[in-house]
$ cat final_36.cif   # mmCIF, C-alpha atoms and all ligand atoms
data_structure
#
loop_
_atom_site.label_atom_id
_atom_site.label_comp_id
_atom_site.auth_asym_id
_atom_site.auth_seq_id
_atom_site.Cartn_x
_atom_site.Cartn_y
_atom_site.Cartn_z
CA SER J 1 -48.36 58.64 16.43
CA LEU J 2 -46.73 59.14 13.05
CA ALA J 3 -43.40 58.81 14.79
CA LEU J 4 -43.57 55.02 14.81
CA ASP J 5 -40.61 53.04 13.53
CA HIS J 6 -38.15 55.91 13.63
CA SER J 7 -35.41 53.59 14.81
CA PHE J 8 -35.79 51.45 11.70
CA ARG J 9 -35.74 54.43 9.39
CA SER J 10 -33.09 56.52 11.07
CA ALA J 11 -30.57 53.67 11.22
CA ARG J 12 -30.90 53.40 7.45
CA VAL J 13 -30.71 57.15 7.01
CA GLU J 14 -27.41 57.18 8.91
CA ARG J 15 -25.96 54.98 6.20
CA GLY J 16 -27.01 57.38 3.46
CA LEU J 17 -24.29 59.20 1.58
CA ARG J 18 -24.06 62.95 1.45
CA ALA J 19 -24.06 64.02 -2.20
CA ARG J 20 -24.66 67.70 -2.78
CA LEU J 21 -26.19 68.79 -6.07
CA ALA J 22 -23.09 70.82 -6.92
CA GLY J 23 -21.03 67.67 -7.26
CA ALA J 24 -23.68 65.56 -8.98
CA ALA J 25 -23.15 64.24 -12.51
CA GLY J 26 -25.69 64.48 -15.37
CA PRO J 27 -29.02 62.69 -15.65
CA ALA J 28 -29.19 58.99 -14.82
CA ALA J 29 -29.35 56.63 -17.79
CA GLY J 30 -32.89 56.21 -19.08
CA SER J 31 -34.30 59.34 -17.43
CA THR J 32 -35.74 62.37 -19.19
CA PRO J 33 -35.23 65.69 -17.41
CA GLY J 34 -38.59 67.26 -16.64
CA ARG J 35 -40.37 63.90 -16.45
CA PRO J 36 -40.69 61.64 -13.42
CA ASN J 37 -39.73 57.97 -13.55
CA ARG J 38 -42.14 56.28 -11.16
CA ALA J 39 -42.51 52.67 -10.07
CA ILE J 40 -45.19 51.43 -7.68
CA TYR J 41 -44.89 48.04 -5.98
CA ASP J 42 -47.54 46.07 -4.08
CA GLN J 43 -46.23 44.67 -0.77
CA HIS J 44 -49.46 42.62 -0.33
CA ASN J 45 -49.61 43.59 3.38
CA SER J 46 -46.30 41.88 4.14
CA ASP J 47 -43.50 43.39 6.27
CA ALA J 48 -40.90 42.75 3.55
CA THR J 49 -38.62 45.75 3.08
CA THR J 50 -37.60 44.95 -0.48
CA PRO J 51 -39.94 45.84 -3.38
CA GLY J 52 -42.76 43.35 -3.95
CA THR J 53 -44.72 43.05 -7.20
CA LEU J 54 -44.23 45.88 -9.72
CA VAL J 55 -47.80 46.98 -10.44
CA ARG J 56 -47.43 50.31 -12.26
CA ALA J 57 -44.33 51.63 -14.00
CA GLU J 58 -43.89 55.07 -15.59
CA GLY J 59 -46.29 55.74 -18.45
CA GLN J 60 -48.51 52.74 -17.71
CA PRO J 61 -52.24 53.32 -17.38
CA ALA J 62 -54.15 53.39 -14.10
CA VAL J 63 -54.82 50.02 -12.44
CA GLU J 64 -57.78 48.87 -10.34
CA ASP J 65 -56.03 49.41 -7.02
CA GLY J 66 -56.69 53.00 -5.91
CA SER J 67 -53.66 53.07 -3.57
CA VAL J 68 -51.36 52.35 -6.50
CA ASN J 69 -52.85 55.17 -8.57
CA GLN J 70 -52.84 57.64 -5.66
CA ALA J 71 -49.15 56.96 -4.97
CA TYR J 72 -48.36 57.30 -8.69
CA ASP J 73 -50.30 60.55 -9.10
CA ASN J 74 -49.06 62.12 -5.86
CA PHE J 75 -45.45 61.28 -6.78
CA GLY J 76 -46.13 63.09 -10.07
CA PHE J 77 -47.42 66.21 -8.30
CA THR J 78 -44.41 66.14 -5.96
CA TYR J 79 -41.97 65.77 -8.88
CA ALA J 80 -43.76 68.74 -10.54
CA LEU J 81 -43.11 71.13 -7.64
CA TYR J 82 -39.42 70.22 -7.54
CA TRP J 83 -39.01 70.45 -11.32
CA ASP J 84 -41.25 73.40 -12.19
CA VAL J 85 -40.32 75.62 -9.26
CA PHE J 86 -36.79 74.56 -8.28
CA GLN J 87 -35.55 72.91 -11.51
CA ARG J 88 -34.65 69.84 -9.50
CA ASP J 89 -34.86 66.56 -11.41
CA SER J 90 -36.22 64.13 -8.80
CA ILE J 91 -34.88 63.00 -5.42
CA ASP J 92 -31.18 63.09 -6.30
CA GLY J 93 -31.37 65.96 -8.81
CA ARG J 94 -30.52 63.63 -11.67
CA GLY J 95 -33.70 61.77 -12.43
CA GLN J 96 -33.71 59.10 -9.73
CA ARG J 97 -36.52 56.57 -10.09
CA ILE J 98 -39.27 57.29 -7.58
CA GLU J 99 -40.23 54.01 -5.92
CA GLY J 100 -43.33 53.59 -3.79
CA LEU J 101 -44.17 50.41 -1.87
CA VAL J 102 -47.89 50.36 -1.09
CA HIS J 103 -49.93 48.09 1.23
CA TYR J 104 -46.91 47.76 3.50
CA GLY J 105 -47.70 45.73 6.64
CA GLN J 106 -51.09 44.96 8.14
CA ALA J 107 -53.20 47.97 9.13
CA TYR J 108 -49.87 49.78 9.36
CA ASP J 109 -50.24 53.33 10.71
CA ASN J 110 -47.36 55.11 9.02
CA ALA J 111 -45.51 56.02 5.85
CA PHE J 112 -41.72 56.36 5.70
CA TRP J 113 -38.62 56.86 3.58
CA ASP J 114 -36.09 54.08 4.21
CA GLY J 115 -32.93 56.01 3.34
CA GLU J 116 -32.28 53.63 0.46
CA GLY J 117 -34.60 54.99 -2.20
CA HIS J 118 -37.92 53.46 -1.16
CA MET J 119 -41.06 55.07 0.23
CA PHE J 120 -43.31 52.73 2.21
CA PHE J 121 -47.04 53.34 2.67
CA GLY J 122 -49.27 51.61 5.20
CA ASP J 123 -53.03 51.17 4.80
CA GLY J 124 -53.71 52.46 8.32
CA ASP J 125 -55.93 50.76 10.89
CA GLY J 126 -58.90 52.99 10.04
CA ARG J 127 -58.92 54.57 13.52
CA LEU J 128 -55.63 56.47 13.79
CA LEU J 129 -54.84 56.55 10.07
CA THR J 130 -56.39 55.50 6.79
CA ASP J 131 -54.62 54.72 3.48
CA THR J 132 -51.49 56.90 3.62
CA THR J 133 -51.17 57.13 -0.20
CA LYS J 134 -54.14 59.54 -0.15
CA GLY J 135 -52.15 62.40 1.36
CA LEU J 136 -50.40 64.58 -1.20
CA ASP J 137 -48.63 66.42 1.63
CA VAL J 138 -47.65 63.06 3.17
CA ILE J 139 -46.16 61.84 -0.12
CA GLY J 140 -44.38 65.20 -0.51
CA HIS J 141 -43.10 64.81 3.07
CA GLU J 142 -41.66 61.32 2.48
CA LEU J 143 -40.06 62.17 -0.88
CA THR J 144 -38.51 65.27 0.69
CA HIS J 145 -36.70 63.03 3.20
CA GLY J 146 -34.88 61.74 0.11
CA VAL J 147 -34.14 65.27 -1.13
CA THR J 148 -32.78 66.25 2.31
CA GLN J 149 -30.61 63.13 2.39
CA ASN J 150 -29.11 64.19 -0.95
CA THR J 151 -28.55 67.83 0.06
CA ALA J 152 -28.15 69.10 3.65
CA ASN J 153 -28.28 65.54 5.05
CA LEU J 154 -29.58 66.83 8.39
CA THR J 155 -28.87 64.30 11.14
CA TYR J 156 -32.09 62.63 12.36
CA GLN J 157 -31.62 63.56 16.03
CA ASP J 158 -32.48 66.52 18.29
CA GLN J 159 -32.67 69.97 16.63
CA ALA J 160 -31.10 68.83 13.34
CA GLY J 161 -33.62 65.98 13.28
CA ALA J 162 -36.51 68.35 13.98
CA LEU J 163 -35.23 70.50 11.09
CA ASN J 164 -35.14 67.38 8.87
CA GLU J 165 -38.78 66.68 9.85
CA SER J 166 -39.77 70.32 9.37
CA VAL J 167 -38.20 70.52 5.90
CA SER J 168 -40.35 67.51 4.96
CA ASP J 169 -43.49 69.22 6.30
CA VAL J 170 -42.61 72.52 4.58
CA PHE J 171 -42.11 70.98 1.14
CA GLY J 172 -44.99 68.53 1.69
CA SER J 173 -47.26 71.51 2.33
CA LEU J 174 -45.76 73.39 -0.66
CA VAL J 175 -46.45 70.41 -2.94
CA LYS J 176 -50.11 70.58 -1.91
CA GLN J 177 -50.35 74.37 -2.16
CA TYR J 178 -48.71 74.36 -5.60
CA HIS J 179 -51.02 71.60 -6.85
CA LEU J 180 -54.10 73.46 -5.57
CA GLN J 181 -52.61 76.84 -6.64
CA GLN J 182 -53.37 78.23 -3.18
CA SER J 183 -51.74 81.36 -1.80
CA ALA J 184 -50.20 81.39 1.69
CA GLU J 185 -53.35 83.12 2.95
CA ALA J 186 -55.69 80.55 1.38
CA ALA J 187 -53.79 77.42 2.48
CA ASP J 188 -54.85 75.46 5.60
CA TRP J 189 -51.22 74.68 6.59
CA LEU J 190 -52.35 71.29 7.93
CA ILE J 191 -50.32 68.10 7.44
CA GLY J 192 -52.07 64.77 6.94
CA ALA J 193 -55.68 66.00 6.87
CA ASP J 194 -56.48 63.49 4.08
CA ILE J 195 -55.12 60.41 5.87
CA VAL J 196 -56.24 60.76 9.50
CA GLY J 197 -58.86 58.43 10.97
CA PRO J 198 -61.40 59.52 13.62
CA GLU J 199 -58.89 59.33 16.51
CA LEU J 200 -56.44 61.81 14.95
CA ALA J 201 -58.86 64.03 13.04
CA PRO J 202 -58.76 66.71 11.77
CA ALA J 203 -55.00 66.48 10.97
CA LEU J 204 -51.63 65.19 12.14
CA ARG J 205 -49.94 68.57 12.48
CA SER J 206 -50.66 72.25 11.93
CA MET J 207 -47.95 74.65 10.80
CA LYS J 208 -50.27 77.57 11.47
CA ALA J 209 -51.10 76.51 15.04
CA PRO J 210 -48.78 73.71 16.22
CA GLY J 211 -50.28 71.79 19.15
CA THR J 212 -53.87 72.14 17.96
CA ALA J 213 -54.07 69.68 15.02
CA ASN J 214 -55.81 66.97 17.06
CA SER J 215 -56.46 65.97 20.69
CA GLN J 216 -53.03 64.27 20.96
CA ASP J 217 -50.96 66.98 19.27
CA THR J 218 -48.18 68.16 21.60
CA GLN J 219 -46.15 70.24 19.15
CA PRO J 220 -44.74 73.54 20.44
CA ALA J 221 -44.97 76.67 18.27
CA THR J 222 -42.04 78.53 19.90
CA MET J 223 -38.82 77.80 21.81
CA ASP J 224 -40.69 78.38 25.09
CA GLY J 225 -42.30 74.98 24.54
CA TYR J 226 -39.22 73.08 23.27
CA VAL J 227 -39.56 69.47 24.41
CA ARG J 228 -36.49 67.75 25.88
CA THR J 229 -36.94 64.00 25.49
CA SER J 230 -35.04 60.93 24.36
CA ASP J 231 -38.16 59.54 22.63
CA ASP J 232 -38.54 59.87 18.87
CA ASN J 233 -34.84 60.69 18.29
CA GLY J 234 -35.13 63.66 20.63
CA GLY J 235 -38.67 64.69 19.74
CA VAL J 236 -38.05 65.21 16.02
CA HIS J 237 -41.78 65.01 15.19
CA THR J 238 -42.62 67.30 18.14
CA ASN J 239 -40.07 70.12 18.02
CA SER J 240 -40.48 70.38 14.23
CA GLY J 241 -43.48 72.54 15.18
CA ILE J 242 -41.06 75.42 15.89
CA PRO J 243 -39.39 75.72 12.44
CA ASN J 244 -42.73 74.77 10.84
CA HIS J 245 -44.39 77.74 12.51
CA ALA J 246 -41.49 80.04 11.56
CA PHE J 247 -42.05 79.10 7.90
CA TYR J 248 -45.79 79.75 8.23
CA VAL J 249 -45.20 83.21 9.76
CA ILE J 250 -42.60 84.06 7.09
CA ALA J 251 -44.85 82.88 4.23
CA THR J 252 -47.90 84.79 5.45
CA THR J 253 -45.84 87.90 6.27
CA ILE J 254 -44.29 87.98 2.79
CA GLY J 255 -47.63 87.02 1.26
CA GLY J 256 -48.46 85.55 -2.15
CA ASN J 257 -47.57 81.98 -3.04
CA ALA J 258 -45.46 80.24 -0.42
CA TRP J 259 -43.60 78.17 -3.02
CA GLU J 260 -42.22 81.38 -4.55
CA ALA J 261 -40.05 83.58 -2.25
CA PRO J 262 -40.25 81.51 0.99
CA GLY J 263 -39.88 78.20 -0.88
CA ARG J 264 -36.95 79.55 -2.86
CA ILE J 265 -35.22 80.68 0.36
CA TRP J 266 -35.78 77.28 2.04
CA TYR J 267 -34.60 75.36 -1.05
CA ALA J 268 -31.45 77.51 -1.33
CA THR J 269 -30.82 76.90 2.39
CA LEU J 270 -31.09 73.14 1.93
CA ASN J 271 -28.48 73.36 -0.86
CA ASP J 272 -26.15 75.79 0.94
CA PRO J 273 -22.82 74.13 1.91
CA ASP J 274 -22.79 76.41 4.99
CA LEU J 275 -25.67 74.35 6.42
CA GLN J 276 -24.07 71.52 8.38
CA PRO J 277 -25.76 68.13 9.02
CA SER J 278 -25.62 68.97 12.75
CA ALA J 279 -27.35 72.37 12.33
CA THR J 280 -29.31 73.81 15.25
CA PHE J 281 -32.47 75.90 14.74
CA ALA J 282 -30.33 79.07 15.08
CA ASP J 283 -27.82 77.79 12.49
CA PHE J 284 -30.62 77.00 10.05
CA ALA J 285 -32.27 80.38 10.68
CA ALA J 286 -28.98 82.17 9.97
CA VAL J 287 -28.64 80.44 6.60
CA THR J 288 -32.24 81.27 5.64
CA LEU J 289 -31.54 84.93 6.46
CA LYS J 290 -28.27 84.87 4.51
CA GLN J 291 -30.10 83.37 1.50
CA ALA J 292 -33.01 85.80 1.74
CA LYS J 293 -30.54 88.72 1.68
CA ALA J 294 -28.49 87.19 -1.15
CA ILE J 295 -31.53 86.51 -3.35
CA PHE J 296 -33.76 89.50 -2.54
CA GLY J 297 -31.46 92.12 -0.98
CA ASP J 298 -30.31 93.04 2.52
CA THR J 299 -33.24 95.35 3.27
CA SER J 300 -35.87 93.50 1.21
CA ALA J 301 -39.33 92.67 2.54
CA GLU J 302 -38.38 89.00 2.09
CA ALA J 303 -35.30 89.33 4.36
CA GLN J 304 -37.34 91.28 6.91
CA GLY J 305 -40.06 88.62 6.79
CA VAL J 306 -37.51 85.88 7.46
CA GLN J 307 -36.07 87.83 10.41
CA SER J 308 -39.48 88.43 11.96
CA GLY J 309 -40.61 84.82 11.45
CA TRP J 310 -37.69 83.43 13.44
CA GLU J 311 -38.17 86.11 16.11
CA ALA J 312 -41.84 85.06 16.40
CA VAL J 313 -40.79 81.54 17.39
CA LYS J 314 -38.00 82.87 19.65
CA VAL J 315 -35.10 81.57 17.57
CA ALA J 316 -32.37 84.18 17.04
CA PRO J 317 -30.93 83.94 13.52
N1 LIG A 1 -43.94 59.28 8.89
C1 LIG A 1 -42.71 59.37 9.64
C2 LIG A 1 -41.75 60.31 8.96
O1 LIG A 1 -41.67 60.39 7.76
C3 LIG A 1 -42.14 58.03 9.72
C4 LIG A 1 -41.05 57.87 10.66
O2 LIG A 1 -40.81 58.63 11.57
N2 LIG A 1 -40.34 56.83 10.45
O3 LIG A 1 -41.02 61.00 9.64
ZN ZN A 2 -40.76 62.52 8.34
#

$ encode --input "final_36.cif" --output "structure tokens"
Amino acid sequence: SLALDHSFRSARVERGLRARLAGAAGPAAGSTPGRPNRAIYDQHNSDATTPGTLVRAEGQPAVEDGSVNQAYDNFGFTYALYWDVFQRDSIDGRGQRIEGLVHYGQAYDNAFWDGEGHMFFGDGDGRLLTDTTKGLDVIGHELTHGVTQNTANLTYQDQAGALNESVSDVFGSLVKQYHLQQSAEAADWLIGADIVGPELAPALRSMKAPGTANSQDTQPATMDGYVRTSDDNGGVHTNSGIPNHAFYVIATTIGGNAWEAPGRIWYATLNDPDLQPSATFADFAAVTLKQAKAIFGDTSAEAQGVQSGWEAVKVAP
């Protein structure tokens, strides 16, 4: 499953510092607001967790290696959603360099954020997964782990961990929808459709219909199916189906482009100091409702959509 190596990643995430945008200083030296600063490294199929050979830096032309160019381009599309729609300048909000380490490991079936500024991408074994740099939603998912670390810093365990995972799926899907200029109605709401091999086809997860993305998908769509387990940090990649589905219901109830009203509500929630790192689903839902009311009005269609979305998944905001 795509939940491999969570112990490696989450231990590093624990060490991450909580730095909310409100307290952040100006742009980092050498960065230009509105422009990404990307660096792609080739790990040459080693397990090394420090950057290997720098193969494409910002502004440099495409190289022969397709994985390098896909990571570079998909980082650019992810940066564009955050900048164009949310006026956020990269992972830390102040122009942080976006570093991708491609060809990590041998036939490695995963991609992950290490909590220390690096995104790792495996080539896949060709059966479960293929080259993970191909997935725009997957790249959006991994980069969003960095955004979450710099904002709400949701603890990677149990419900807070499932929220951390869900926030990555939500913004990963929004990156793809924004790039394709697809409305909520037109989007497929699948995660990982471009990187799955035959054994996990057609996708890793479905926000529209959690539990149906592939033959091994066990995600619940509502609290009735909440999975109690000690695996995967308390089922963070499983129970994320519940807030994922709430977002889908909210986005399709409100209608239009999901990166507009629903995305704005989710982004404001992530940046709201009332959202604690230990938030439960109900805590998170309450902040989304508070933000929907603050931005659009107490009796707005947006606030009503948020309320009904959480009710649909049996979470009381
Ligand atoms: N692809 C997974 C994720 O980003 C990797 C992991 O769990 N370490 O959540
Ligand atoms: Zn994740």

$ closest_atom_pairs --input "final_36.cif" --of "chain J" --to "ligand ZN 2 (chain A)" --cutoff "10 Å" --atoms "only C-alpha atoms and all ligand atoms" --output "tab-separated table"
residue	atom	partner	partner_atom	distance
J:Leu2	CA	A:ZN2	ZN	8.3
J:Ala3	CA	A:ZN2	ZN	7.9
J:His6	CA	A:ZN2	ZN	8.9
J:Arg9	CA	A:ZN2	ZN	9.6
J:Asn110	CA	A:ZN2	ZN	9.9
J:Ala111	CA	A:ZN2	ZN	8.4
J:Phe112	CA	A:ZN2	ZN	6.8
J:Trp113	CA	A:ZN2	ZN	7.7
J:Val138	CA	A:ZN2	ZN	8.6
J:Gly140	CA	A:ZN2	ZN	9.9
J:His141	CA	A:ZN2	ZN	6.2
J:Glu142	CA	A:ZN2	ZN	6.0
J:Leu143	CA	A:ZN2	ZN	9.3
J:Thr144	CA	A:ZN2	ZN	8.4
J:His145	CA	A:ZN2	ZN	6.6
J:Tyr156	CA	A:ZN2	ZN	9.6
J:Gly161	CA	A:ZN2	ZN	9.3
J:Ala162	CA	A:ZN2	ZN	9.2
J:Asn164	CA	A:ZN2	ZN	7.4
J:Glu165	CA	A:ZN2	ZN	4.8
J:Ser166	CA	A:ZN2	ZN	7.9
J:Val167	CA	A:ZN2	ZN	8.7
J:Ser168	CA	A:ZN2	ZN	6.0
J:Asp169	CA	A:ZN2	ZN	7.5
J:Gly172	CA	A:ZN2	ZN	9.9
J:Val236	CA	A:ZN2	ZN	8.6
J:His237	CA	A:ZN2	ZN	7.4
J:Ser240	CA	A:ZN2	ZN	9.8

$ atom_distance --input "final_36.cif" --atom1 "CA of Gln43 (chain J)" --atom2 "CA of Ala28 (chain J)"
26.3 Å

$ atom_distance --input "final_36.cif" --atom1 "CA of Ala261 (chain J)" --atom2 "CA of Glu185 (chain J)"
14.3 Å

$ closest_residue --input "final_36.cif" --among "J:Pro220, J:Gly235, J:Pro198, J:Pro61" --to "ligand LIG 1 (chain A)" --atoms "only C-alpha atoms and all ligand atoms"
J:Gly235

$ axis_aligned_box --input "final_36.cif" --around "ligand LIG 1 (chain A)" --padding-each-side "4 Å" --output "AutoDock Vina command-line options"
--center_x -42.1 --center_y 58.9 --center_z 9.7 --size_x 11.6 --size_y 12.2 --size_z 11.8

$ closest_residue --input "final_36.cif" --among "J:Gly93, J:Gly30, J:Gly105, J:Pro36" --to "Ala48 (chain J)" --atoms "only C-alpha atoms"
J:Gly105

$ atom_distance --input "final_36.cif" --atom1 "CA of Tyr41 (chain J)" --atom2 "CA of Glu64 (chain J)"
13.6 Å

$ residues_around --input "final_36.cif" --residues "region 286-297 of chain J" --least-positions-apart "2" --cutoff "12 Å" --atoms "only C-alpha atoms" --output "ChimeraX atom specification"
/J:152,243,246-247,250,254,260-276,279-284,299-311,315-317

$ write_last_selection --input "final_36.cif" --atoms "C-alpha atoms" --output "tab-separated table (two decimals), keeping the file's coordinate frame"
chain	number	residue	atom	x	y	z
J	152	ALA	CA	-28.15	69.10	3.65
J	243	PRO	CA	-39.39	75.72	12.44
J	246	ALA	CA	-41.49	80.04	11.56
J	247	PHE	CA	-42.05	79.10	7.90
J	250	ILE	CA	-42.60	84.06	7.09
J	254	ILE	CA	-44.29	87.98	2.79
J	260	GLU	CA	-42.22	81.38	-4.55
J	261	ALA	CA	-40.05	83.58	-2.25
J	262	PRO	CA	-40.25	81.51	0.99
J	263	GLY	CA	-39.88	78.20	-0.88
J	264	ARG	CA	-36.95	79.55	-2.86
J	265	ILE	CA	-35.22	80.68	0.36
J	266	TRP	CA	-35.78	77.28	2.04
J	267	TYR	CA	-34.60	75.36	-1.05
J	268	ALA	CA	-31.45	77.51	-1.33
J	269	THR	CA	-30.82	76.90	2.39
J	270	LEU	CA	-31.09	73.14	1.93
J	271	ASN	CA	-28.48	73.36	-0.86
J	272	ASP	CA	-26.15	75.79	0.94
J	273	PRO	CA	-22.82	74.13	1.91
J	274	ASP	CA	-22.79	76.41	4.99
J	275	LEU	CA	-25.67	74.35	6.42
J	276	GLN	CA	-24.07	71.52	8.38
J	279	ALA	CA	-27.35	72.37	12.33
J	280	THR	CA	-29.31	73.81	15.25
J	281	PHE	CA	-32.47	75.90	14.74
J	282	ALA	CA	-30.33	79.07	15.08
J	283	ASP	CA	-27.82	77.79	12.49
J	284	PHE	CA	-30.62	77.00	10.05
J	299	THR	CA	-33.24	95.35	3.27
J	300	SER	CA	-35.87	93.50	1.21
J	301	ALA	CA	-39.33	92.67	2.54
J	302	GLU	CA	-38.38	89.00	2.09
J	303	ALA	CA	-35.30	89.33	4.36
J	304	GLN	CA	-37.34	91.28	6.91
J	305	GLY	CA	-40.06	88.62	6.79
J	306	VAL	CA	-37.51	85.88	7.46
J	307	GLN	CA	-36.07	87.83	10.41
J	308	SER	CA	-39.48	88.43	11.96
J	309	GLY	CA	-40.61	84.82	11.45
J	310	TRP	CA	-37.69	83.43	13.44
J	311	GLU	CA	-38.17	86.11	16.11
J	315	VAL	CA	-35.10	81.57	17.57
J	316	ALA	CA	-32.37	84.18	17.04
J	317	PRO	CA	-30.93	83.94	13.52

$ closest_residue --input "final_36.cif" --among "J:Ile139, J:Ile242, J:Ala213, J:Ala29" --to "Leu163 (chain J)" --atoms "only C-alpha atoms"
J:Ile242

$ closest_residue --input "final_36.cif" --among "J:Asn257, J:Ser31, J:Gln157, J:Gln216" --to "ligand LIG 1 (chain A)" --atoms "only C-alpha atoms and all ligand atoms"
J:Gln157

$ residues_around --input "final_36.cif" --residues "Trp189 (chain J)" --least-positions-apart "6" --cutoff "12 Å" --atoms "all atoms listed in the file" --output "VMD selection string"
chain J and resid 137 169 to 177 182 to 183 203 to 210 212 to 213 241 244 to 245 247 to 249 251 to 252 258

$ closest_residue --input "final_36.cif" --among "J:Pro33, J:Pro27, J:Pro202, J:Gly115" --to "ligand LIG 1 (chain A)" --atoms "only C-alpha atoms and all ligand atoms"
J:Gly115
